[in-house]
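Source file: final.pdb. Holds: PDB, C-alpha atoms.
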```
ATOM      1  CA  MET P 660    -119.399 -64.899-148.605
ATOM      2  CA  ILE P 661    -122.558 -66.815-147.697
ATOM      3  CA  HIS P 662    -126.118 -65.572-147.219
ATOM      4  CA  SER P 663    -127.825 -65.804-143.858
ATOM      5  CA  ASP P 664    -131.555 -66.453-143.303
ATOM      6  CA  GLU P 665    -132.238 -62.752-143.411
ATOM      7  CA  GLY P 666    -130.499 -62.518-146.774
ATOM      8  CA  ARG P 667    -127.532 -60.580-145.452
ATOM      9  CA  GLU P 668    -124.058 -61.535-146.510
ATOM     10  CA  GLN P 669    -121.727 -62.904-143.859
ATOM     11  CA  PRO P 670    -117.919 -63.232-144.061
ATOM     12  CA  VAL P 671    -116.682 -66.787-144.644
ATOM     13  CA  SER P 672    -113.472 -68.254-143.258
ATOM     14  CA  PRO P 673    -111.068 -70.171-145.500
ATOM     15  CA  ARG P 674    -112.563 -73.439-144.133
ATOM     16  CA  GLY P 675    -116.009 -72.494-145.410
ATOM     17  CA  LYS P 676    -117.610 -71.689-142.041
ATOM     18  CA  PRO P 677    -119.118 -68.282-141.283
ATOM     19  CA  GLU P 678    -116.665 -66.213-139.287
ATOM     20  CA  GLU P 679    -117.550 -64.860-135.860
ATOM     21  CA  PRO P 680    -118.316 -61.161-136.117
ATOM     22  CA  SER P 681    -115.210 -59.345-134.971
ATOM     23  CA  PHE P 682    -115.670 -56.753-132.254
ATOM     24  CA  GLU P 683    -114.176 -53.378-132.927
ATOM     25  CA  PRO P 684    -114.313 -50.774-130.170
ATOM     26  CA  VAL P 685    -116.303 -47.709-131.090
ATOM     27  CA  VAL P 686    -114.052 -45.393-129.096
ATOM     28  CA  SER P 687    -110.295 -45.814-128.972
ATOM     29  CA  PHE P 688    -108.843 -45.623-125.470
ATOM     30  CA  LYS P 689    -105.323 -45.463-124.145
ATOM     31  CA  VAL P 690    -103.746 -48.925-124.328
ATOM     32  CA  MET P 691    -101.717 -50.601-121.601
ATOM     33  CA  PRO P 692     -98.285 -48.991-121.207
ATOM     34  CA  PRO P 693     -95.197 -50.892-122.415
ATOM     35  CA  ALA P 694     -93.204 -53.139-120.082
ATOM     36  CA  GLU P 695     -90.563 -50.482-119.248
ATOM     37  CA  GLU P 696     -93.218 -47.990-118.262
ATOM     38  CA  ARG P 697     -94.989 -50.582-116.096
ATOM     39  CA  GLU P 698     -91.681 -51.437-114.440
ATOM     40  CA  SER P 699     -91.131 -47.785-113.671
ATOM     41  CA  SER P 700     -94.626 -47.338-112.203
ATOM     42  CA  GLU P 701     -94.068 -50.506-110.132
ATOM     43  CA  ARG P 702     -90.894 -48.940-108.719
ATOM     44  CA  VAL P 703     -92.818 -45.781-107.842
ATOM     45  CA  ARG P 704     -95.518 -47.885-106.172
ATOM     46  CA  ARG P 705     -92.900 -49.658-104.041
ATOM     47  CA  ILE P 706     -91.405 -46.340-102.955
ATOM     48  CA  ASN P 707     -94.922 -45.123-102.138
ATOM     49  CA  VAL P 708     -95.329 -48.096 -99.796
ATOM     50  CA  LEU P 709     -91.828 -47.856 -98.343
ATOM     51  CA  LEU P 710     -91.781 -44.170 -97.379
ATOM     52  CA  PRO P 711     -95.029 -44.006 -95.342
ATOM     53  CA  GLY P 712     -94.165 -47.400 -93.840
ATOM     54  CA  LEU P 713     -90.795 -46.097 -92.703
ATOM     55  CA  TYR P 714     -92.382 -42.954 -91.306
ATOM     56  CA  ALA P 715     -95.124 -44.834 -89.445
ATOM     57  CA  TRP P 716     -92.549 -47.267 -88.031
ATOM     58  CA  ALA P 717     -90.245 -44.464 -86.905
ATOM     59  CA  ALA P 718     -93.049 -42.436 -85.307
ATOM     60  CA  THR P 719     -95.011 -45.190 -83.597
ATOM     61  CA  VAL P 720     -92.559 -48.075 -83.067
ATOM     62  CA  LEU P 721     -88.981 -46.788 -83.036
ATOM     63  CA  TYR P 722     -89.646 -43.648 -80.997
ATOM     64  CA  PRO P 723     -91.466 -45.274 -78.034
ATOM     65  CA  ALA P 724     -88.968 -48.173 -78.076
ATOM     66  CA  SER P 725     -86.049 -45.734 -77.785
ATOM     67  CA  LEU P 726     -87.392 -44.144 -74.569
ATOM     68  CA  ARG P 727     -85.761 -44.818 -71.206
ATOM     69  CA  GLY P 728     -86.891 -47.857 -69.269
ATOM     70  CA  VAL P 729     -87.777 -49.984 -72.297
ATOM     71  CA  GLY P 730     -86.617 -53.604 -72.114
ATOM     72  CA  MET P 731     -84.137 -55.089 -74.562
ATOM     73  CA  LEU P 732     -86.762 -57.463 -75.965
ATOM     74  CA  ALA P 733     -89.012 -54.568 -76.981
ATOM     75  CA  ARG P 734     -86.038 -52.699 -78.450
ATOM     76  CA  TRP P 735     -84.970 -55.703 -80.544
ATOM     77  CA  SER P 736     -88.548 -56.305 -81.599
ATOM     78  CA  ALA P 737     -88.866 -52.665 -82.698
ATOM     79  CA  ALA P 738     -85.660 -52.887 -84.725
ATOM     80  CA  LEU P 739     -86.610 -56.184 -86.345
ATOM     81  CA  ALA P 740     -90.138 -54.969 -87.146
ATOM     82  CA  LEU P 741     -88.715 -53.042 -90.089
ATOM     83  CA  LEU P 742     -87.154 -56.146 -91.610
ATOM     84  CA  PRO P 743     -90.339 -57.661 -93.140
ATOM     85  CA  LEU P 744     -91.155 -54.337 -94.796
ATOM     86  CA  LEU P 745     -87.697 -53.987 -96.361
ATOM     87  CA  VAL P 746     -87.485 -57.634 -97.461
ATOM     88  CA  GLY P 747     -91.024 -57.531 -98.866
ATOM     89  CA  ILE P 748     -90.329 -54.365-100.838
ATOM     90  CA  ALA P 749     -87.026 -55.805-102.109
ATOM     91  CA  LEU P 750     -88.741 -58.973-103.342
ATOM     92  CA  GLY P 751     -91.106 -56.851-105.433
ATOM     93  CA  LYS P 752     -92.636 -58.469-108.484
ATOM     94  CA  SER P 753     -90.433 -61.571-108.419
ATOM     95  CA  ARG P 754     -92.499 -63.078-105.555
ATOM     96  CA  PRO P 755     -95.630 -60.883-105.415
ATOM     97  CA  LEU P 756     -97.573 -62.935-102.857
ATOM     98  CA  LEU P 757     -94.641 -63.340-100.474
ATOM     99  CA  SER P 758     -93.735 -59.688-100.962
ATOM    100  CA  ARG P 759     -97.240 -58.592-100.019
ATOM    101  CA  SER P 760     -97.441 -60.959 -97.057
ATOM    102  CA  LEU P 761     -94.122 -59.752 -95.660
ATOM    103  CA  SER P 762     -94.392 -56.017 -96.280
ATOM    104  CA  LEU P 763     -98.042 -55.775 -95.234
ATOM    105  CA  HIS P 764     -99.041 -58.558 -92.852
ATOM    106  CA  GLY P 765     -95.578 -59.379 -91.513
ATOM    107  CA  PHE P 766     -94.714 -55.723 -90.940
ATOM    108  CA  LEU P 767     -98.031 -55.033 -89.150
ATOM    109  CA  ALA P 768     -97.705 -58.172 -87.019
ATOM    110  CA  ALA P 769     -94.129 -57.248 -86.012
ATOM    111  CA  CYS P 770     -95.189 -53.679 -85.116
ATOM    112  CA  ALA P 771     -98.157 -55.016 -83.108
ATOM    113  CA  LEU P 772     -95.811 -57.384 -81.235
ATOM    114  CA  THR P 773     -93.585 -54.434 -80.326
ATOM    115  CA  TRP P 774     -96.585 -52.446 -79.085
ATOM    116  CA  ILE P 775     -97.599 -55.382 -76.878
ATOM    117  CA  LEU P 776     -94.051 -55.589 -75.483
ATOM    118  CA  LEU P 777     -94.004 -51.839 -74.826
ATOM    119  CA  GLY P 778     -97.058 -52.272 -72.577
ATOM    120  CA  ASP P 779     -97.867 -49.304 -70.339
ATOM    121  CA  LEU P 780     -95.524 -46.976 -72.215
ATOM    122  CA  LEU P 781     -98.233 -46.722 -74.850
ATOM    123  CA  ALA P 782    -101.005 -45.894 -72.357
ATOM    124  CA  VAL P 783    -103.109 -42.876 -73.337
ATOM    125  CA  ASP P 784    -101.739 -40.679 -70.530
ATOM    126  CA  HIS P 785     -98.145 -41.323 -71.679
ATOM    127  CA  LEU P 786     -98.769 -40.434 -75.312
ATOM    128  CA  ASP P 787     -97.962 -37.083 -76.832
ATOM    129  CA  PRO P 788    -101.164 -36.221 -78.757
ATOM    130  CA  LEU P 789     -99.371 -34.478 -81.637
ATOM    131  CA  ARG P 790     -96.870 -37.304 -82.108
ATOM    132  CA  ALA P 791     -99.676 -39.866 -81.882
ATOM    133  CA  ALA P 792    -101.721 -37.980 -84.485
ATOM    134  CA  LEU P 793     -98.714 -37.769 -86.837
ATOM    135  CA  GLY P 794     -98.098 -41.493 -86.379
ATOM    136  CA  ALA P 795    -101.755 -42.194 -87.193
ATOM    137  CA  ILE P 796    -101.397 -40.127 -90.372
ATOM    138  CA  GLY P 797     -98.326 -42.215 -91.257
ATOM    139  CA  TRP P 798    -100.352 -45.426 -90.951
ATOM    140  CA  VAL P 799    -103.185 -43.917 -92.994
ATOM    141  CA  LEU P 800    -100.704 -43.047 -95.758
ATOM    142  CA  PHE P 801     -99.255 -46.578 -95.544
ATOM    143  CA  ALA P 802    -102.763 -48.013 -95.948
ATOM    144  CA  PHE P 803    -103.509 -45.745 -98.907
ATOM    145  CA  ALA P 804    -100.192 -46.693-100.518
ATOM    146  CA  TRP P 805    -101.414 -50.281-100.779
ATOM    147  CA  GLY P 806    -104.402 -49.164-102.820
ATOM    148  CA  ALA P 807    -104.219 -48.624-106.548
ATOM    149  CA  SER P 808    -106.307 -46.502-108.804
ATOM    150  CA  ARG P 809    -106.772 -46.884-112.523
ATOM    151  CA  GLU P 810    -104.868 -44.391-114.654
ATOM    152  CA  PRO P 811    -107.078 -41.862-116.449
ATOM    153  CA  GLU P 812    -108.245 -43.104-119.864
ATOM    154  CA  LEU P 813    -106.609 -46.503-119.324
ATOM    155  CA  ILE P 814    -109.031 -49.315-120.075
ATOM    156  CA  PRO P 815    -107.882 -52.698-118.699
ATOM    157  CA  GLU P 816    -110.006 -54.481-121.324
ATOM    158  CA  ASP P 817    -107.758 -53.037-124.044
ATOM    159  CA  ASP P 818    -104.891 -55.178-122.817
ATOM    160  CA  PRO P 819    -104.013 -57.718-125.548
ATOM    161  CA  ARG P 820    -104.494 -60.523-122.984
ATOM    162  CA  ALA P 821    -108.063 -59.468-122.141
ATOM    163  CA  LEU P 822    -110.940 -61.453-123.644
ATOM    164  CA  PRO P 823    -112.898 -59.435-126.217
ATOM    165  CA  GLY P 824    -116.532 -58.569-125.623
ATOM    166  CA  GLU P 825    -119.129 -55.859-125.720
ATOM    167  CA  PRO P 826    -118.150 -52.793-123.683
ATOM    168  CA  LEU P 827    -120.300 -52.319-120.610
ATOM    169  CA  ALA P 828    -122.083 -49.063-121.200
ATOM    170  CA  PRO P 829    -123.357 -47.153-118.143
ATOM    171  CA  ARG P 830    -127.046 -47.879-117.538
ATOM    172  CA  GLY P 831    -127.898 -44.406-116.350
ATOM    173  CA  THR P 832    -126.599 -40.996-115.432
ATOM    174  CA  LEU P 833    -126.386 -39.300-112.061
ATOM    175  CA  PRO P 834    -129.173 -36.865-111.281
ATOM    176  CA  ALA P 835    -128.312 -33.181-111.356
ATOM    177  CA  GLY P 836    -126.684 -31.913-108.177
ATOM    178  CA  ALA P 837    -125.562 -35.355-106.996
ATOM    179  CA  THR P 838    -122.034 -34.116-106.292
ATOM    180  CA  ALA P 839    -123.356 -31.143-104.324
ATOM    181  CA  VAL P 840    -125.603 -33.354-102.165
ATOM    182  CA  LEU P 841    -122.760 -35.784-101.459
ATOM    183  CA  THR P 842    -120.388 -32.904-100.672
ATOM    184  CA  VAL P 843    -122.900 -31.499 -98.183
ATOM    185  CA  ALA P 844    -123.226 -34.928 -96.557
ATOM    186  CA  VAL P 845    -119.451 -35.420 -96.318
ATOM    187  CA  MET P 846    -118.860 -31.931 -94.938
ATOM    188  CA  GLY P 847    -121.734 -32.437 -92.500
ATOM    189  CA  ALA P 848    -120.171 -35.736 -91.406
ATOM    190  CA  LEU P 849    -116.808 -34.093 -90.719
ATOM    191  CA  VAL P 850    -118.180 -31.486 -88.301
ATOM    192  CA  PRO P 851    -119.352 -33.898 -85.522
ATOM    193  CA  LEU P 852    -116.043 -35.775 -85.878
ATOM    194  CA  LEU P 853    -114.163 -32.541 -85.176
ATOM    195  CA  PHE P 854    -116.450 -31.534 -82.314
ATOM    196  CA  ALA P 855    -115.908 -34.919 -80.647
ATOM    197  CA  TRP P 856    -112.344 -33.785 -79.817
ATOM    198  CA  ARG P 857    -113.784 -31.031 -77.588
ATOM    199  CA  VAL P 858    -115.164 -33.575 -75.099
ATOM    200  CA  THR P 859    -112.718 -33.759 -72.177
ATOM    201  CA  ARG P 860    -114.428 -36.202 -69.778
ATOM    202  CA  PRO P 861    -112.763 -39.562 -70.625
ATOM    203  CA  SER P 862    -115.845 -41.790 -70.632
ATOM    204  CA  HIS P 863    -117.945 -39.184 -72.421
ATOM    205  CA  ALA P 864    -115.144 -38.568 -74.916
ATOM    206  CA  LEU P 865    -115.316 -42.201 -75.971
ATOM    207  CA  LEU P 866    -119.098 -41.944 -76.322
ATOM    208  CA  ALA P 867    -118.738 -38.709 -78.284
ATOM    209  CA  HIS P 868    -116.283 -40.294 -80.717
ATOM    210  CA  ALA P 869    -118.508 -43.352 -81.134
ATOM    211  CA  ALA P 870    -121.582 -41.161 -81.688
ATOM    212  CA  ALA P 871    -119.672 -38.924 -84.117
ATOM    213  CA  VAL P 872    -118.414 -41.903 -86.136
ATOM    214  CA  ALA P 873    -121.912 -43.449 -86.243
ATOM    215  CA  ALA P 874    -123.372 -40.079 -87.278
ATOM    216  CA  ALA P 875    -120.708 -39.638 -89.961
ATOM    217  CA  VAL P 876    -121.328 -43.120 -91.384
ATOM    218  CA  GLY P 877    -125.099 -42.548 -91.380
ATOM    219  CA  LEU P 878    -124.794 -39.117 -92.979
ATOM    220  CA  VAL P 879    -122.453 -40.250 -95.745
ATOM    221  CA  SER P 880    -124.525 -43.356 -96.584
ATOM    222  CA  SER P 881    -127.797 -41.443 -96.575
ATOM    223  CA  GLY P 882    -126.222 -38.589 -98.533
ATOM    224  CA  ALA P 883    -124.902 -41.014-101.146
ATOM    225  CA  GLU P 884    -128.315 -42.670-101.425
ATOM    226  CA  ILE P 885    -130.104 -39.347-101.818
ATOM    227  CA  ALA P 886    -127.479 -38.092-104.287
ATOM    228  CA  VAL P 887    -127.666 -41.169-106.517
ATOM    229  CA  ASN P 888    -131.307 -42.196-106.309
ATOM    230  CA  ARG P 889    -132.986 -38.797-106.198
ATOM    231  CA  GLY P 890    -135.550 -38.580-108.957
ATOM    232  CA  LYS P 891    -135.250 -42.209-110.105
ATOM    233  CA  TRP P 892    -138.543 -43.201-108.516
ATOM    234  CA  ALA P 893    -140.278 -40.038-109.810
ATOM    235  CA  PRO P 894    -142.347 -41.707-112.535
ATOM    236  CA  ILE P 895    -143.651 -44.283-110.006
ATOM    237  CA  GLU P 896    -144.048 -42.642-106.611
ATOM    238  CA  SER P 897    -146.218 -39.616-105.997
ATOM    239  CA  ALA P 898    -145.076 -36.976-103.513
ATOM    240  CA  SER P 899    -147.986 -37.651-101.137
ATOM    241  CA  ARG P 900    -147.141 -41.358-101.046
ATOM    242  CA  ARG P 901    -143.543 -40.588-100.173
ATOM    243  CA  VAL P 902    -144.607 -38.275 -97.365
ATOM    244  CA  THR P 903    -147.077 -40.903 -96.103
ATOM    245  CA  HIS P 904    -144.332 -43.516 -95.934
ATOM    246  CA  ALA P 905    -142.036 -41.177 -94.012
ATOM    247  CA  ILE P 906    -144.807 -40.188 -91.605
ATOM    248  CA  VAL P 907    -143.502 -42.162 -88.590
ATOM    249  CA  PRO P 908    -140.025 -40.574 -88.376
ATOM    250  CA  LEU P 909    -141.490 -37.187 -89.352
ATOM    251  CA  ALA P 910    -144.124 -37.374 -86.579
ATOM    252  CA  ALA P 911    -141.541 -38.529 -84.007
ATOM    253  CA  LEU P 912    -139.238 -35.702 -85.078
ATOM    254  CA  THR P 913    -142.046 -33.149 -84.749
ATOM    255  CA  ILE P 914    -142.921 -34.415 -81.245
ATOM    256  CA  LEU P 915    -139.266 -34.323 -80.217
ATOM    257  CA  LEU P 916    -138.821 -30.791 -81.533
ATOM    258  CA  LEU P 917    -142.034 -29.677 -79.773
ATOM    259  CA  VAL P 918    -140.788 -31.147 -76.487
ATOM    260  CA  GLY P 919    -137.534 -29.281 -76.978
ATOM    261  CA  VAL P 920    -139.310 -25.989 -77.672
ATOM    262  CA  ILE P 921    -141.565 -26.422 -74.597
ATOM    263  CA  GLU P 922    -138.536 -27.254 -72.439
ATOM    264  CA  LEU P 923    -136.681 -24.234 -73.818
ATOM    265  CA  PHE P 924    -139.485 -21.797 -72.965
ATOM    266  CA  SER P 925    -140.355 -23.321 -69.594
ATOM    267  CA  SER P 926    -136.779 -23.158 -68.241
TER
ATOM    268  CA  MET L 642    -144.571 -31.156-105.577
ATOM    269  CA  ARG L 643    -142.020 -33.923-106.033
ATOM    270  CA  ARG L 644    -139.289 -31.314-106.299
ATOM    271  CA  VAL L 645    -140.458 -29.830-102.996
ATOM    272  CA  VAL L 646    -140.253 -33.241-101.324
ATOM    273  CA  ASP L 647    -136.740 -33.608-102.787
ATOM    274  CA  VAL L 648    -135.752 -30.291-101.265
ATOM    275  CA  ILE L 649    -137.256 -31.317 -97.902
ATOM    276  CA  SER L 650    -135.293 -34.565 -98.057
ATOM    277  CA  ILE L 651    -132.018 -32.694 -98.600
ATOM    278  CA  ALA L 652    -132.978 -30.151 -95.912
ATOM    279  CA  LEU L 653    -133.577 -33.019 -93.470
ATOM    280  CA  LEU L 654    -130.134 -34.401 -94.335
ATOM    281  CA  LEU L 655    -128.655 -30.994 -93.520
ATOM    282  CA  GLY L 656    -130.756 -30.884 -90.359
ATOM    283  CA  ALA L 657    -129.383 -34.273 -89.342
ATOM    284  CA  ALA L 658    -125.808 -33.040 -89.802
ATOM    285  CA  LEU L 659    -126.578 -29.956 -87.689
ATOM    286  CA  ALA L 660    -128.343 -31.979 -84.989
ATOM    287  CA  PHE L 661    -125.432 -34.432 -84.727
ATOM    288  CA  THR L 662    -123.040 -31.508 -84.445
ATOM    289  CA  PHE L 663    -125.141 -29.927 -81.666
ATOM    290  CA  GLY L 664    -125.354 -33.313 -79.934
ATOM    291  CA  VAL L 665    -121.604 -33.894 -79.889
ATOM    292  CA  ARG L 666    -120.986 -30.255 -78.907
ATOM    293  CA  ALA L 667    -123.456 -30.609 -76.027
ATOM    294  CA  LEU L 668    -121.512 -33.661 -74.836
ATOM    295  CA  GLY L 669    -118.404 -31.484 -74.769
ATOM    296  CA  ASP L 670    -120.260 -28.820 -72.778
ATOM    297  CA  GLU L 671    -121.344 -31.509 -70.253
ATOM    298  CA  HIS L 672    -125.046 -31.156 -71.180
ATOM    299  CA  ASP L 673    -125.802 -34.848 -71.410
ATOM    300  CA  LEU L 674    -129.589 -34.574 -71.744
ATOM    301  CA  ALA L 675    -129.292 -31.994 -74.504
ATOM    302  CA  ALA L 676    -126.750 -34.229 -76.221
ATOM    303  CA  LEU L 677    -129.161 -37.170 -76.153
ATOM    304  CA  TYR L 678    -131.935 -34.920 -77.446
ATOM    305  CA  TRP L 679    -129.916 -33.664 -80.408
ATOM    306  CA  LEU L 680    -128.515 -37.094 -81.277
ATOM    307  CA  ALA L 681    -132.047 -38.537 -81.296
ATOM    308  CA  ALA L 682    -133.273 -35.609 -83.400
ATOM    309  CA  GLY L 683    -130.398 -36.219 -85.827
ATOM    310  CA  ALA L 684    -131.219 -39.900 -86.156
ATOM    311  CA  LEU L 685    -134.887 -39.109 -86.833
ATOM    312  CA  CYS L 686    -133.952 -36.446 -89.404
ATOM    313  CA  LEU L 687    -131.709 -38.938 -91.172
ATOM    314  CA  ARG L 688    -134.390 -41.632 -91.161
ATOM    315  CA  ALA L 689    -137.050 -39.230 -92.439
ATOM    316  CA  SER L 690    -134.766 -37.957 -95.205
ATOM    317  CA  THR L 691    -134.131 -41.463 -96.581
ATOM    318  CA  ASP L 692    -137.773 -42.547 -96.123
ATOM    319  CA  LEU L 693    -138.911 -39.536 -98.120
ATOM    320  CA  LEU L 694    -136.522 -40.501-100.864
ATOM    321  CA  ARG L 695    -137.259 -44.188-101.018
ATOM    322  CA  PRO L 696    -140.720 -45.183 -99.759
ATOM    323  CA  LYS L 697    -141.068 -48.766 -98.605
ATOM    324  CA  PRO L 698    -143.177 -51.046-100.815
ATOM    325  CA  GLU L 699    -146.796 -51.456 -99.753
ATOM    326  CA  ARG L 700    -147.669 -54.638 -97.851
ATOM    327  CA  ARG L 701    -150.290 -56.777 -99.554
TER
END
```
As C-alpha cells, the full file:
Amino acid sequence: MIHSDEGREQPVSPRGKPEEPSFEPVVSFKVMPPAEERESSERVRRINVLLPGLYAWAATVLYPASLRGVGMLARWSAALALLPLLVGIALGKSRPLLSRSLSLHGFLAACALTWILLGDLLAVDHLDPLRAALGAIGWVLFAFAWGASREPELIPEDDPRALPGEPLAPRGTLPAGATAVLTVAVMGALVPLLFAWRVTRPSHALLAHAAAVAAAVGLVSSGAEIAVNRGKWAPIESASRRVTHAIVPLAALTILLLVGVIELFSS
Amino acid sequence: MRRVVDVISIALLLGAALAFTFGVRALGDEHDLAALYWLAAGALCLRASTDLLRPKPERR
C-alpha cells in the first residue's frame, strides 16, 4: 500500500506502481449467453428471416409469375429470385457479410427484376387488393426479421470482450403520462391512415394517402416531443411566455375556425 | 397555469388528430374545400401544440 496526496491508502501492484482502481458493477445483470445458446438463437433468427421471405416471395413474385401469358424470362427470373435468399441463409455465420448481401440485397434485387419483367401484369387494376395487402404484410415481416432487439436484462457491456468503464446512468426520467400522450398521438395518427382508404377517386386517393402519411408523421413526432419534453422547461419558461410564442399559429387557427363557423351558418 | 398550458398543448394535439381525420374523410366524401380546410386546421393545431410546449428563444 502507498499513501496518496489526500492521505488515503491505494493498492500497489507487485511492481510497486499504484494499481488502477478496478471497476465493479453496482448491479449484476444477466451475462452473455454461452456459445451453444447463441448458436441456437442464431438458428431461430435465420428461420425468422427465411419464413417471411418465402411467404413474401410466394405471394408477390411466384404467384403473378405463374399466371397465364407470362413470358419464360419472367418465370425463370421469379424462380431464381429465391436462390439468393436460400444461399444467404445457408451461409449463415460462416460468411456474415456475404450472407447478408445475398439474402437481403440480392433477394430484393432479384424480386425487383422479376417485377420489372412482369410489367403490366402488376398494374394496379390487375392486382387483387387482398392478395396485394397480404404480400405487403409478408415484406413488412421480412423487414422486421432483419432487425434485432436486445434480450431483456442482457447488458452487452457485460460481455468479457467489452472494455470496462463507468455505466451510463440515465440523465433524467420521463414526465408522468408520457406513455399516454404518445399512445394518443399514435392512435390519432392511425385514424387518418385508415380513412385514406375510403377515397375512391384515383388522383384524390393518392393525395389522401400522402396527406394521411404526412399527418401521421407530424402527429407522432409532435406527440413524442410533447410526451418527452413536457415539463422540462417549467423552471425557465412562464406560461404567458409560452402562449406568446405560440400566438401566430393560435391566431391563424382561431381565424380559420371563425371562417369555418361563419361558412357553416351562412350556407 | 403551466399545467393548464400543458393540457391545452395535449388538447391541440388531439385536435390536430381529429382535424386530419376530418380532412381525409372529407376527401373521401368528395368535399375538396372542406378537406383543405380541415387539413390546414390540423397543421395549425399541430404547430400551436409544439410551440406551446417549446417556445423559441428570444431574438437579441
Non-local contacts of Ser725 of chain P (12 Å; all atoms listed in the file; under 5 positions in same chain excluded) as a list in words: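 In the requested form, the answer reads Ala717, Ala718, Thr719, Val720, Gly730, Met731, Leu732, Ala733, Arg734, Trp735, Ser736, Ala737, Ala738, Thr773, Leu777 and Leu780 of chain P.
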For chain P against chain L, with a cut-off of 6 Å and counting only C-alpha atoms, what is the closest atom pair and its distance in Å to one decimal for every residue that makes the cut, ordered by chain and number, as a tab-separated table?
```
residue	atom	partner	partner_atom	distance
P:Gly847	CA	L:Ala658	CA	4.9
P:Pro851	CA	L:Thr662	CA	4.5
P:Phe854	CA	L:Arg666	CA	5.8
P:Ala855	CA	L:Val665	CA	5.8
P:Arg857	CA	L:Gly669	CA	5.4
P:Val858	CA	L:Gly669	CA	3.9
P:Ala867	CA	L:Val665	CA	5.8
P:Ala898	CA	L:Arg643	CA	5.0
P:Arg901	CA	L:Leu693	CA	5.2
P:Val902	CA	L:Leu693	CA	5.9
P:His904	CA	L:Pro696	CA	5.5
P:Ala905	CA	L:Asp692	CA	5.0
P:Pro908	CA	L:Ala689	CA	5.2
P:Leu909	CA	L:Ala689	CA	5.8
P:Leu912	CA	L:Leu685	CA	5.8
```
Excluding Ser880 of chain P and residues on its chain fewer than 4 positions from it, collect all residues at most 10 Å away from it, counting all atoms listed in the file, and give them as an mmCIF file with C-alpha atoms, in the frame of the given file.
```
data_model
loop_
_atom_site.group_PDB
_atom_site.id
_atom_site.type_symbol
_atom_site.label_atom_id
_atom_site.label_comp_id
_atom_site.auth_asym_id
_atom_site.auth_seq_id
_atom_site.Cartn_x
_atom_site.Cartn_y
_atom_site.Cartn_z
ATOM 1 C CA LEU P 841 -122.760 -35.784 -101.459
ATOM 2 C CA ALA P 844 -123.226 -34.928 -96.557
ATOM 3 C CA VAL P 845 -119.451 -35.420 -96.318
ATOM 4 C CA ALA P 874 -123.372 -40.079 -87.278
ATOM 5 C CA ALA P 875 -120.708 -39.638 -89.961
ATOM 6 C CA VAL P 876 -121.328 -43.120 -91.384
ATOM 7 C CA GLU P 884 -128.315 -42.670 -101.425
ATOM 8 C CA ILE P 885 -130.104 -39.347 -101.818
ATOM 9 C CA ALA P 886 -127.479 -38.092 -104.287
ATOM 10 C CA THR L 691 -134.131 -41.463 -96.581
#
```
Atom CA of Glu701 of chain P to atom CA of Gly751 of chain P, distance in Å rounded to a single decimal: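 Those two atoms sit 8.4 Å apart.
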Spatial neighbours of segment 833-836 of chain P, max dist 12 Å, all atoms listed in the file, sep filter under 4 positions, as a list in words: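 Counting all atoms listed in the file, the residues come to Pro829, Val840, Leu841, Thr842, Val843, Gly882, Ala883, Glu884, Ile885, Ala886, Val887, Asn888, Arg889, Gly890, Lys891, Trp892 and Ala893 of chain P; Asp647, Val648 and Ile651 of chain L.
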Target residues per the PyMOL selection byres ((chain P and resi 744) around 12), formatted as a VMD selection string: chain P and resid 705 to 706 708 to 716 738 to 743 745 to 751 757 to 770 801
Given the PyMOL selection byres ((chain P and resi 804) around 8), the residues it picks as a ChimeraX atom specification: /P:704,707-708,711,800-803,805-807
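For the pair atom CA of Leu853 of chain P and atom CA of Ala871 of chain P, the separation is 8.5 Å.
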Atomic distance atom CA of Gly877 of chain P - atom CA of Trp856 of chain P, expressed in Å with one decimal: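 Straight-line distance from atom CA of Gly877 of chain P to atom CA of Trp856 of chain P works out to 19.3 Å.
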How big is the axis-aligned box around the listed atoms of segment 837-841 of chain P once 6 Å is added on each side, and where is its centre? Give both in Å to one decimal, as JSON.
```
{"center_x": -123.8, "center_y": -33.5, "center_z": -104.2, "size_x": 15.6, "size_y": 16.6, "size_z": 17.5}
```
Selected residue, from P:Leu878, P:Ala873, P:Val783, P:Ile796, that lies nearest to Pro861 of chain P when counting only C-alpha atoms: P:Val783
